[in-house]
Number of protein chains: 4
Amino acid sequence: MSAQHPGDDPRSELRQRIERFVRDTAIPIEERLGGSLHHADDQLRTELQDAARAAGVFGPTIPVELGGLGLDRTAQAWALEAAGYSLVGPLAMNCAAPDEGNLHLLAEVADAHQRERYLEPLARGSVRSCFAMTEPSPGAGSDPRLLRTTATPHGDGWRIDGRKWFITGAVGASFAICMARTSGEPEEPGGATMFLVDTDNPGMQVKREIRTLDEAMIGGHGEVVFDRCHVGPDAVLGEVGRGFDYAQVRLAPARLTHCMRWLGIARRSLDIAVVHGTQRRAFGERLVDLGLTQQHIADCVIDIEASRALVAVCAAELDAGLPGAQSSSIAKTFVSEAVGRVVDRCVQMCGSLAISDDLPLSRFYREVRPFRIYDGPSEAHRWAIARREVKQVAARLAQNGPR
Amino acid sequence: MSAQHPGDDPRSELRQRIERFVRDTAIPIEERLGGSLHHADDQLRTELQDAARAAGVFGPTIPVELGGLGLDRTAQAWALEAAGYSLVGPLAMNCAAPDEGNLHLLAEVADAHQRERYLEPLARGSVRSCFAMTEPSPGAGSDPRLLRTTATPHGDGWRIDGRKWFITGAVGASFAICMARTSGEPEEPGGATMFLVDTDNPGMQVKREIRTLDEAMIGGHGEVVFDRCHVGPDAVLGEVGRGFDYAQVRLAPARLTHCMRWLGIARRSLDIAVVHGTQRRAFGERLVDLGLTQQHIADCVIDIEASRALVAVCAAELDAGLPGAQSSSIAKTFVSEAVGRVVDRCVQMCGSLAISDDLPLSRFYREVRPFRIYDGPSEAHRWAIARREVKQVAARLAQNGPR
Amino acid sequence: MSAQHPGDDPRSELRQRIERFVRDTAIPIEERLGGSLHHADDQLRTELQDAARAAGVFGPTIPVELGGLGLDRTAQAWALEAAGYSLVGPLAMNCAAPDEGNLHLLAEVADAHQRERYLEPLARGSVRSCFAMTEPSPGAGSDPRLLRTTATPHGDGWRIDGRKWFITGAVGASFAICMARTSGEPEEPGGATMFLVDTDNPGMQVKREIRTLDEAMIGGHGEVVFDRCHVGPDAVLGEVGRGFDYAQVRLAPARLTHCMRWLGIARRSLDIAVVHGTQRRAFGERLVDLGLTQQHIADCVIDIEASRALVAVCAAELDAGLPGAQSSSIAKTFVSEAVGRVVDRCVQMCGSLAISDDLPLSRFYREVRPFRIYDGPSEAHRWAIARREVKQVAARLAQNGPR
Amino acid sequence: MSAQHPGDDPRSELRQRIERFVRDTAIPIEERLGGSLHHADDQLRTELQDAARAAGVFGPTIPVELGGLGLDRTAQAWALEAAGYSLVGPLAMNCAAPDEGNLHLLAEVADAHQRERYLEPLARGSVRSCFAMTEPSPGAGSDPRLLRTTATPHGDGWRIDGRKWFITGAVGASFAICMARTSGEPEEPGGATMFLVDTDNPGMQVKREIRTLDEAMIGGHGEVVFDRCHVGPDAVLGEVGRGFDYAQVRLAPARLTHCMRWLGIARRSLDIAVVHGTQRRAFGERLVDLGLTQQHIADCVIDIEASRALVAVCAAELDAGLPGAQSSSIAKTFVSEAVGRVVDRCVQMCGSLAISDDLPLSRFYREVRPFRIYDGPSEAHRWAIARREVKQVAARLAQNGPR
């Protein structure tokens with residue numbers, strides 16, 4: 001038993017509800033879809049969300065006043081891990097990316113009108129959204145300062161022009177939060193603004209759905225073009241020029257909820273591998289009793305527990321109102337790599353069976369790989385972690401005087 | 001330049017022919033198929049093989065008297081790596097698994113009649129074949145002694161009963177080499193015999209094609225049932241009861257040619273990543289000039305060169321008539337893991353683009369994963385390597401007297 | 001900032017006191033000794049402990065009623081890391097192994113007489129102790145069931161016979177807690193009893209001090225022989241036959257305080273490497289701005305933060321009265337390996353200078369290596385972690401019904 | 001059996017002689033010295049070299065005309081690995097660093113007079129030498145262009161001024177090959193010249209012997225000061241201004257012989273661990289039959305065989321007259337890390353015993369660590385490997401036309 005597995009915690013009843021819902025409702029749908037959600041339709045989504053609501057597990061990250069469970073980040077850790085135990089769980093419980101992060105951002109920044117028009121339907125699950133930030137090369141990828149999409153004043157509103165890609169959930173979304181440059185040039189910091197754009201705006205088009213290794217995000221990953229896309233003055237989210245600040249507001253928590261959800265897949269993979277290894281024999285022993293398998297299992301356990309512990313540290317910081325930039329970079333880097341290692345070892349433990357579709361492991365193997373790239377590749381996070389560390393050491397030693 | 005890149009070698013002209021053929025003929029077909037060959041039809045295969053013959057690159061592993069190029073193992077190393085630079089190359093050049101290994105086995109063991117009926121058409125590319133050895137649990141997987149398929153005397157021939165799976169190329173093959181137990185019980189060594197079974201035999205059926213993470217083997221991976229499958233006395237390959245010996249004959253070279261081919265994919269992945277990193281910029285520099293990218297590139301180079309070097313050692317042993325059991329286990333274990341690391345790093349270097357189908361990297365990522373499982377998982381090889389090492393140390397120290 | 005770095009925590013004042021004490025008092029002594037404490041004399045120890053008492057940092061793990069600071073495990077995490085920032089810190093603050101673990105064990109199990117005679121002087125720092133459990137092969141090493149030292153009834157007391165080694169602090173200790181078999185045979189579980197043995201007992205002899213890679217434990221690592229060692233009935237610690245239970249009482253917390261202390265050395269190593277890299281240049285940049293150095297720094301930060309997070313999880317469990325067997329195994333395994341990686345990378349970052357005695361890094365490199373072996377090698381912990389995991393999965397799935 | 005273990009090779013008789021010499025003569029001396037050679041005296045060296053001469057194993061890398069065995073690089077691979085099986089072997093056989101590399105350099109570049117005065121006595125073992133290139137920060141370390149030691153014309157000769165450190169073998173050497181700048185400024189390439197300096201020159205002083213983690217190099221690692229060190233015109237080795245070129249001549253082969261020698265220690269460590277694991281039991285089995293130990297053994301075997309294979313590739317290039325810059329960087333990087341992993345795993349397999357001086361493993365652990373730093377740290381090699389790779393890919397693709 002670990003601190004992440006509250007036994008007599010008053011909230012453990014909720015945890016059990018989530019586990020039951022995922023096992024009884026989410027996993028059967030996942031199996032029916034072969035784990036592929038890119039083209040799941042909104043009717044299925046609505047049915048799933050109704051079932052989650054009926055089971056009392058809808059909206060763990062959504063504030064109570066918006067109809068959710070209003071868990072703090074610390075509690076979200078186990079709730080989203082339990083949801084993420086199935087690829088379908090987060091969608092059903094309305095805590096999947098990108099809506100979950102967009103909800104958080106809107107709750108922090110949107111004005112009253114925007115709350116009513118965008119936030120409330122999103123919280124209810126009536127609509128889906130997307131977050132239109134990343135651009136194909138040479139635009140904003142790992143290095144957001146390269147932002148090339150522009151918004152120029154037009155009438156009393158704005159005209160947006162540019163190309164975005166890997167816009168998750170774009171197909172079928174009702175609105176996009178679009179990041180565009182309102183001043184300055186690419187490679188310069190600053191000058192970005194966020195806009196709320198209805199997807200039926202004739203100036204916004206999903207050019208194609210990008211075929212990708214992963215397939216578990218409803219609406220897929222779109223390539224989106226803004227071409228003379230006119231929006232009114234009320235489309236500005238927050239203040240003009242503060243887009244990069246708001247991106248930070250969304251960033252750390254969104255990274256962290258990714259970690260929580262993917263830990264569910266890691267945990268499920270290990271369950272599958274342990275069950276498999278308990279039922280099969282080789283060289284006269286159960287697979288789980290062979291030394292090389294035991295090493296895989298132990299390493300999976302260590303990776304999962306270290307991931308949970310790092311998530312807990314960052315969640316506690318966010319709950320304490322701290323920005324969590326360093327701790328969320330650390331958690332994202334470690335967890336994305338740890339989850340990859342766990343699923344890889346579980347594939348190895350199940351052998352050819354894991355390569356086949358008879359088990360969901362090869363699907364999970366595909367799904368978790370992009371996590372080391374999406375939301376900042378490990379390399380960009382390591383670069384940022386090292387730079388912050390060097391500054392912190394300098395500051396600490398300056399304060400303490402010479403050693 | 002390394003020993004594997006012969007410059008003034010008289011055979012380098014052949015090498016260049018292969019490279020040209022792969023670049024101009026194989027890769028365009030691969031791109032057209034999206035790298036998926038499981039359902040490629042035999043007409044395409046025939047056209048490709050005709051093109052390879054016309055280009056003078058057909059049959060690098062096939063003896064000259066059977067119409068091939070008759071390269072020794074040492075030369076096969078660079079020839080098959082060059083062929084494997086495209087997923088389509090080995091099929092076109094008739095040096096793909098499982099036919100390549102079956103050809104080698106038949107050339108060693110088949111009698112005159114079997115040579116004419118099976119080996120010669122296979123060498124010409126008129127037909128395809130499969131190797132029916134592995135069984136679903138609790139049968140012969142990592143531990144071949146668990147063989148459960150039986151062959152019992154029937155009339156003057158045999159009757160084969162059992163279930164096989166992951167039989168690569170089963171759909172569309174003309175004949176199978178089937179391993180069956182002719183004496184003893186599962187978990188006992190010995191007692192296995194190989195049979196040549198025509199796939200139009202009514203007792204042999206491909207029950208299903210297993211859907212798998214990889215998709216680059218023509219004919220896919222089948223689940224095959226032998227049910228009262230009657231064959232004549234001439235179906236026995238070699239001698240009754242020597243099946244495990246013949247499996248060894250096939251095993252070490254087949255492992256090694258796998259390594260050679262997959263090194264081609266590793267090399268191609270690195271080429272793609274380096275070209276990508278030369279064209280893109282971040283943080284004010286070309287990607288290939290960033291330290292973290294340089295580390296990835298250097299580690300890829302080291303992995304590829306160490307793989308080639310281990311392949312060369314094993315190839316030299318086989319060319320010298322040695323069995324190569326230890327060196328092929330070492331090469332297979334190292335190369336399968338190194339190729340996986342190389343492709344994974346190249347995906348990381350190309351970021352989201354590598355996750356999309358705009359580059360072939362995510363396809364390669366899927367194709368190379370099973371290599372750590374097929375032909376003996378790394379764990380089984382490590383177990384065997386350690387046991388042989390312990391014996392060798394004991395023998396060496398016994399010989400030298402006490403230290 | 002992370003949860004382990006309490007800013008406005010009321011106890012942060014204590015933390016600063018410890019940091020100041022370590023910087024101003026412990027590190028200068030460490031430098032004078034070249035980091036080698038095996039032969040530090042008790043006068044130095046007494047002076048250091050007086051200084052710690054004067055600085056208000058003596059006894060962070062010792063209960064208040066015994067004159068210590070009485071921190072819970074969660075607070076010990078940062079206190080012992082700060083102490084362990086110097087090899088000399090834990091000794092000065094009377095929270096070094098093995099006394100720290102022995103104190104905890106005695107506080108849990110000793111009777112009133114034993115408390116007065118052994119526990120209280122130990123808590124004051126008047127004496128040192130040792131824990132005589134591990135035996136040379138074929139006795140109790142990784143596998144404690146192999147215990148061969150025997151205690152047989154003799155008069156109204158006992159006679160102890162056997163050989164122990166790697167008994168840390170044996171030279172100069174006033175008493176030993178000796179584990180001996182009072183029933184059963186080696187390889188059988190159960191049957192062990194703990195005895196308090198005064199080191200001036202003529203039946204107990206330190207045969208030799210074992211020369212080891214590490215040199216930072218006062219009293220070194222002794223090989224101890226019990227030969228017709230007679231003790232009275234009051235020498236039994238707790239109850240006869242419960243030795244293995246008491247070993248568990250000592251084990252999990254002792255593992256964890258090791259982790260805390262060694263994290264101090266990891267943190268100090270990184271400080272040294274970052275300072276070094278800030279002051280040196282190569283290829284036209286500060287070392288800390290080179291990509292490959294940044295990767296080392298980031299990986300060190302991740303390893304340290306994950307270690308702290310796992311320590312925090314286990315400490316919270318122990319504070320909640322849970323046994324912490326699994327979480328302390330996980331923490332010990334991960335932290336011992338992470339600390340090793342951190343120091344190794346810091347050596348690499350400082351180059352030749354780190355190989356020389358001009359920096360303490362090569363000393364640290366030697367000191368941390370045995371941590372992966374002492375207190376159970378990583379392999380034994382992984383074996384135990386895997387076995388517990390398999391049981392937990394079975395129990396959880398049985399409870400939930402079939403998936 | 002592998003290609004590195006020639007069975008019926010005509011030279012295997014020599015190999016057996018070396019193995020016998022190392023086992024019967026070198027290892028006993030090593031054990032007597034506790035593996036520490038820094039302060040071995042020249043009388044011992046002379047006795048050992050006489051014994052090697054008598055055994056027919058003196059000078060494997062030395063040309064026949066200079067009294068050695070004249071092996072090519074390919075044969076040196078197994079000869080130096082066999083010599084390096086003991087820390088004392090290379091010294092005894094006069095193939096230790098730095099003399100071995102200096103001999104090679106002098107044989108390539110020295111004029112007739114220099115050959116007689118320096119090369120011939122060095123080849124006979126009458127004297128020792130050192131190579132004075134590396135400087136303390138901010139001088140020439142990983143980045144040789146930072147060279148700060150200067151040589152300025154003085155009379156008809158030169159005056160050398162500067163500070164060098166980590167000059168292996170400086171104490172007791174008869175002469176130094178000193179690298180000094182004769183034109184240009186630090187950070188500029190070019191402008192370096194090599195000088196032969198007699199160590200009794202009053203302008204050259206060994207200021208101190210640096211205390212280091214490793215202790216197996218006779219004469220230790222010195223800090224050397226050149227202060228108004230006057231030398232004649234005949235002190236110039238080769239041509240003025242070509243120092244960096246000659247450093248390259250020395251570099252690749254010297255890296256490679258390091259790899260060969262350290263592979264001997266890796267091989268010996270594994271022998272020790274396997275013998276240990278064959279004799280000890282835990283959990284009811286021999287240690288070598290436990291899965292986690294088998295993984296360690298297999299990984300050691302793979303690391304050793306891949307190292308040998310990479311050494312063989314580079315040796316073949318050097319024997320073919322190629323420069324071997326890339327292949328020696330690859331071999332040095334891989335082998336230095338692989339040897340470190342092997343020794344580390346062997347320590348782990350032998351547990352506490354390996355931490356004690358009862359086995360030589362902790363000595364080996366200390367000796368092999370600097371190899372990842374000396375002769376260019378892994379980071380510098382990776383940087384160079386990546387840059388060469390990027391250039392090669394560009395050249396290859398330019399030649400082949402667009403893909």
# chains A, B, ... in the order shown; residues from 1 in each chain; ligands from 1
$ residues_around --residues "Ala316 (chain D)" --least-positions-apart "5" --cutoff "10 Å" --atoms "only C-alpha atoms" --output "count of residues only"
11
$ select_by_dssp --residues "region 255-290 of chain A" --states "strand (DSSP E or B)" --output "PDB file with C-alpha atoms, in the first residue's frame"
ATOM      1  CA  ARG A 281       5.048 -21.422 -17.848  1.00  0.00           C
ATOM      2  CA  ALA A 282       8.470 -21.766 -19.393  1.00  0.00           C
ATOM      3  CA  GLU A 285       8.333 -22.298 -13.823  1.00  0.00           C
ATOM      4  CA  ARG A 286       5.599 -19.689 -14.006  1.00  0.00           C
TER       5      ARG A 286
END
$ select_by_dssp --residues "region 320-359 of chain A" --states "alpha helix (DSSP H)" --output "ChimeraX atom specification"
/A:325-350,352-355
$ residues_around --residues "His230 (chain C)" --least-positions-apart "2" --cutoff "12 Å" --atoms "only C-alpha atoms" --output "VMD selection string"
chain C and resid 150 to 161 195 to 204 226 to 228 232 to 236
$ closest_residue --among "B:Tyr85, B:Trp262, B:Trp383, B:Trp165" --to "chain D" --atoms "only C-alpha atoms"
B:Trp383
$ interface_residues --of "chain B" --to "chain A" --cutoff "8 Å" --atoms "only C-alpha atoms" --output "PyMOL selection string"
chain B and resi 137-138+142-143+166+210-214+280-283+292+348+351-352+355-357+362-363+366+370+372-374+377+379
$ atom_distance --atom1 "CA of Ala252 (chain C)" --atom2 "CA of Val335 (chain C)"
13.8 Å
$ residues_around --residues "Ala107 (chain A)" --least-positions-apart "5" --cutoff "9 Å" --atoms "only C-alpha atoms" --output "short mmCIF file (atom, residue, chain, number, x, y, z; two decimals) with C-alpha atoms, in the first residue's frame"
data_model
loop_
_atom_site.label_atom_id
_atom_site.label_comp_id
_atom_site.auth_asym_id
_atom_site.auth_seq_id
_atom_site.Cartn_x
_atom_site.Cartn_y
_atom_site.Cartn_z
CA PRO A 63 -15.23 22.78 -10.55
CA ASN A 102 -8.95 24.25 -22.09
CA ARG A 115 -17.77 31.53 -19.68
CA LEU A 119 -16.83 27.22 -20.75
#
$ decode --residues "region 368-379 of chain A" --atoms "all heavy atoms" --output "mmCIF file, in the first residue's frame"
data_model
loop_
_atom_site.group_PDB
_atom_site.id
_atom_site.type_symbol
_atom_site.label_atom_id
_atom_site.label_comp_id
_atom_site.auth_asym_id
_atom_site.auth_seq_id
_atom_site.Cartn_x
_atom_site.Cartn_y
_atom_site.Cartn_z
ATOM 1 N N VAL A 368 1.492 5.516 -26.251
ATOM 2 C CA VAL A 368 2.323 6.251 -25.284
ATOM 3 C C VAL A 368 3.572 6.860 -25.915
ATOM 4 O O VAL A 368 4.176 7.764 -25.337
ATOM 5 C CB VAL A 368 2.743 5.363 -24.081
ATOM 6 C CG1 VAL A 368 1.502 4.848 -23.354
ATOM 7 C CG2 VAL A 368 3.640 4.214 -24.496
ATOM 8 N N ARG A 369 3.966 6.387 -27.089
ATOM 9 C CA ARG A 369 5.208 6.891 -27.671
ATOM 10 C C ARG A 369 5.208 8.410 -27.890
ATOM 11 O O ARG A 369 6.183 9.089 -27.543
ATOM 12 C CB ARG A 369 5.535 6.161 -28.984
ATOM 13 C CG ARG A 369 6.808 6.645 -29.691
ATOM 14 C CD ARG A 369 8.013 6.398 -28.817
ATOM 15 N NE ARG A 369 9.262 6.967 -29.324
ATOM 16 C CZ ARG A 369 9.663 8.206 -29.104
ATOM 17 N NH1 ARG A 369 8.905 9.056 -28.434
ATOM 18 N NH2 ARG A 369 10.842 8.618 -29.562
ATOM 19 N N PRO A 370 4.100 8.957 -28.444
ATOM 20 C CA PRO A 370 4.142 10.409 -28.706
ATOM 21 C C PRO A 370 4.216 11.257 -27.438
ATOM 22 O O PRO A 370 4.578 12.437 -27.520
ATOM 23 C CB PRO A 370 2.816 10.665 -29.442
ATOM 24 C CG PRO A 370 2.391 9.348 -29.970
ATOM 25 C CD PRO A 370 2.886 8.335 -28.998
ATOM 26 N N PHE A 371 3.880 10.686 -26.289
ATOM 27 C CA PHE A 371 3.881 11.470 -25.051
ATOM 28 C C PHE A 371 5.281 12.028 -24.758
ATOM 29 O O PHE A 371 5.411 13.055 -24.100
ATOM 30 C CB PHE A 371 3.377 10.578 -23.904
ATOM 31 C CG PHE A 371 3.242 11.239 -22.570
ATOM 32 C CD1 PHE A 371 2.955 12.600 -22.439
ATOM 33 C CD2 PHE A 371 3.371 10.488 -21.403
ATOM 34 C CE1 PHE A 371 2.822 13.180 -21.188
ATOM 35 C CE2 PHE A 371 3.231 11.072 -20.158
ATOM 36 C CZ PHE A 371 2.963 12.414 -20.044
ATOM 37 N N ARG A 372 6.329 11.385 -25.248
ATOM 38 C CA ARG A 372 7.680 11.929 -25.055
ATOM 39 C C ARG A 372 7.961 13.117 -25.980
ATOM 40 O O ARG A 372 9.009 13.747 -25.879
ATOM 41 C CB ARG A 372 8.731 10.843 -25.307
ATOM 42 C CG ARG A 372 8.778 9.819 -24.199
ATOM 43 C CD ARG A 372 10.016 8.969 -24.325
ATOM 44 N NE ARG A 372 9.797 7.777 -25.097
ATOM 45 C CZ ARG A 372 10.674 7.216 -25.913
ATOM 46 N NH1 ARG A 372 11.861 7.784 -26.086
ATOM 47 N NH2 ARG A 372 10.388 6.120 -26.566
ATOM 48 N N ILE A 373 7.023 13.371 -26.902
ATOM 49 C CA ILE A 373 7.203 14.470 -27.863
ATOM 50 C C ILE A 373 6.154 15.554 -27.650
ATOM 51 O O ILE A 373 6.476 16.742 -27.603
ATOM 52 C CB ILE A 373 7.133 13.913 -29.305
ATOM 53 C CG1 ILE A 373 8.371 13.049 -29.574
ATOM 54 C CG2 ILE A 373 7.019 15.049 -30.312
ATOM 55 C CD1 ILE A 373 8.357 12.324 -30.895
ATOM 56 N N TYR A 374 4.881 15.138 -27.537
ATOM 57 C CA TYR A 374 3.816 16.118 -27.342
ATOM 58 C C TYR A 374 4.068 16.895 -26.046
ATOM 59 O O TYR A 374 4.632 16.360 -25.098
ATOM 60 C CB TYR A 374 2.454 15.418 -27.228
ATOM 61 C CG TYR A 374 1.984 14.679 -28.479
ATOM 62 C CD1 TYR A 374 0.926 13.783 -28.394
ATOM 63 C CD2 TYR A 374 2.582 14.874 -29.716
ATOM 64 C CE1 TYR A 374 0.468 13.094 -29.522
ATOM 65 C CE2 TYR A 374 2.126 14.192 -30.839
ATOM 66 C CZ TYR A 374 1.075 13.306 -30.739
ATOM 67 O OH TYR A 374 0.619 12.631 -31.841
ATOM 68 N N ASP A 375 3.586 18.130 -26.001
ATOM 69 C CA ASP A 375 3.728 18.974 -24.793
ATOM 70 C C ASP A 375 5.191 19.230 -24.453
ATOM 71 O O ASP A 375 5.560 19.344 -23.280
ATOM 72 C CB ASP A 375 3.056 18.309 -23.579
ATOM 73 C CG ASP A 375 1.628 18.807 -23.393
ATOM 74 O OD1 ASP A 375 1.230 19.741 -24.104
ATOM 75 O OD2 ASP A 375 0.926 18.271 -22.530
ATOM 76 N N GLY A 376 6.010 19.339 -25.481
ATOM 77 C CA GLY A 376 7.433 19.572 -25.261
ATOM 78 C C GLY A 376 8.190 18.273 -25.220
ATOM 79 O O GLY A 376 7.974 17.467 -24.323
ATOM 80 N N PRO A 377 9.101 18.061 -26.198
ATOM 81 C CA PRO A 377 9.891 16.830 -26.172
ATOM 82 C C PRO A 377 10.825 16.810 -24.957
ATOM 83 O O PRO A 377 11.171 17.853 -24.402
ATOM 84 C CB PRO A 377 10.688 16.886 -27.476
ATOM 85 C CG PRO A 377 10.718 18.323 -27.861
ATOM 86 C CD PRO A 377 9.460 18.926 -27.324
ATOM 87 N N SER A 378 11.216 15.612 -24.571
ATOM 88 C CA SER A 378 12.098 15.457 -23.413
ATOM 89 C C SER A 378 13.327 16.349 -23.514
ATOM 90 O O SER A 378 13.800 16.884 -22.508
ATOM 91 C CB SER A 378 12.562 13.996 -23.314
ATOM 92 O OG SER A 378 11.460 13.145 -23.095
ATOM 93 N N GLU A 379 13.844 16.516 -24.724
ATOM 94 C CA GLU A 379 15.057 17.308 -24.899
ATOM 95 C C GLU A 379 14.809 18.761 -24.495
ATOM 96 O O GLU A 379 15.649 19.387 -23.846
ATOM 97 C CB GLU A 379 15.518 17.251 -26.368
ATOM 98 C CG GLU A 379 16.071 15.900 -26.802
ATOM 99 C CD GLU A 379 14.997 14.833 -26.943
ATOM 100 O OE1 GLU A 379 13.811 15.190 -27.066
ATOM 101 O OE2 GLU A 379 15.358 13.645 -26.904
#
